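Enquirer: One structure, pasted below without further comment.
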Amino acid sequence: MAGHRRIGTGGHRQTRNTKTRRRARVVGAGTAAGAFLAFGMTPLATTPSAHADDFGLGDLIANLITGGMAGLPDSVVGPSAFDLGSLLDPGAFGLGADHATTLAASADALPSVSDPFAAASSQSTDDFIQTLEQDWITSPFGHQVDSFINTTSGEFLIGNGTNGTPDSTLAAADGGNGGLLFGDGGNGATDAAGQGGTGGNAGDYGDGGMGGNGADGGAGGMGGTGGTLMGDGGNGGNGGDGLPGEDGGLGGAGGNALAASGDGGNGGNGGVGGEVTANGTGGVATGAGTGGDGGTGGNGGTDGVGGTGGNGGAGGEATADGSGGTATGGIGGDGGTGGTGATGGTGGIGGAGGEATANGQGGTATGGHAGDGGTGGAGTVTGGDGGTGGAGGEATSNGMDGMTTGGNAGNGGVGGAGTTTGGDGGTGGAGGQATSHGSGGNAQGGNGGDGGNGGAGTTVGTGGDGGAAGTATATGSGGTATNGSHGTVGSSG
């Protein structure tokens, strides 16, 4: 990231063969970091000044991103146009001559792609620059150069934020912010109480860090914010699974994108509800935990895509082992809402209802109801599709005269509104299956979920299909079985 002008070799002249070998390491071998340095020496456009007193480095580094290679001939941007070996001169970065061998080895260790200039045409500009940025920052040579720049300027200009510290306070679990100019935010960790820390924010160029995952029913952390000039929001952390009989944690929200081309981070998934078991005669297992709701997708930039909503967590399982016992599965969590953007994010999938099992004679098992699919995010051009509803929980009775009822499915999410095209409604989930294996048993399948309505727009979104009916099976003599109802189709926007 430091190469914005040709750096002299000082008192360490290189032979033609040495220069050739260095080119092979940095460009001929196709290192992404070498290409990143090469871009820094091209005449590029003007961008806003850097945040800190960085001796003009901010403008020079930012120029290499905004100008890119667009419209420049191979004679200007091609590998043969640059003596990149001179960039490995340690004296140019305040390092002693004894570092020369170390830096040469560092160049060999830089991540390699077959042809970075060809790679630029096969990836989006943002993705390509992000790859170069990270290859540079994480390389040994790049780390030494960046450390010199940061120390000289007195500001943290280039580098990734530190990851959060686990098993400590929530503040310590938060990820650190990336460099003011370049660098991703650090990822959040899980604190001592099971709460996920927030992902760190990027500066000008970089992606937000991922939120930390929750534990033991704790909520996931929110993803970090993407860079102001380029970058995506970080994904939210997943909610922790619930302890026995307790609810699953909520998924963390995805981080927002500030750059016009940035995409919002995806919401984290909700945690699974905790299971319950009743072992004695007439035991009641009805306190299974509810699945956590999925996190909301982060908002994309004016030209970006909203993040996908997180999936809802499944409801907890319930088991009654004694005769005459009752088991009821937990309720599934709802899918998260998609983020906004030029294209809205898709809603998350609803969590499945918890399974229920009654093993004793005369037992009753009822599957948990499922969560609904998340609403699609609004789009300035195209709305996001609604999420699929969760499947109803299965119910099983293994004893004589057992009663089973499958859980009802979740409804599909509503499609997001779009100025041009509305998002389609989500499909309803399938009803839960019911099975009775003993003689004289009764089984009732769960109902399928209704399809979500389509989103509004010049071209409206299509309503989602209804979910399939839950099937019922009675294998014992004298048993009865009734299937559930199919869900209805959603309306167009």
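Ligands are numbered from 1 in the order shown, residues from 1 within each chain, and chains are lettered A, B, ... in the order they appear in the structure tokens.
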Taking the DSSP assignment computed from this structure's backbone, write out as a ChimeraX atom specification all residues of region 86-301 of chain A that belong to alpha helix (DSSP H).

Expert: /A:100-109,116-122,125-137,140-153,170-173

Enquirer: Contacts of Gly197 (chain A) at 10 Å or less, counting only C-alpha atoms, minus same-chain residues fewer than 2 places along, as a PyMOL selection string?

Expert: chain A and resi 163-166+169-175+187-191+194-195+199-200+210-214+219-223+236-237+252

Enquirer: Have a look at A:Ile349, A:Ile149, A:Val305, A:Ala202 and name the one nearest to Gly413 (chain A); count only C-alpha atoms.

Expert: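 Result for the nearest residue to Gly413 (chain A): A:Ile349.
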
Enquirer: Quick one: of A:Leu258, A:Ala456, A:Ile137, A:Ala474, who's nearest to Gly298 (chain A), counting only C-alpha atoms?

Expert: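 Residue with the minimum atom-to-atom distance to Gly298 (chain A): A:Leu258.
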
Enquirer: What does the distance between CA of Thr302 (chain A) and CA of Asp184 (chain A) come to in Å, to one decimal place?

Expert: 20.9 Å
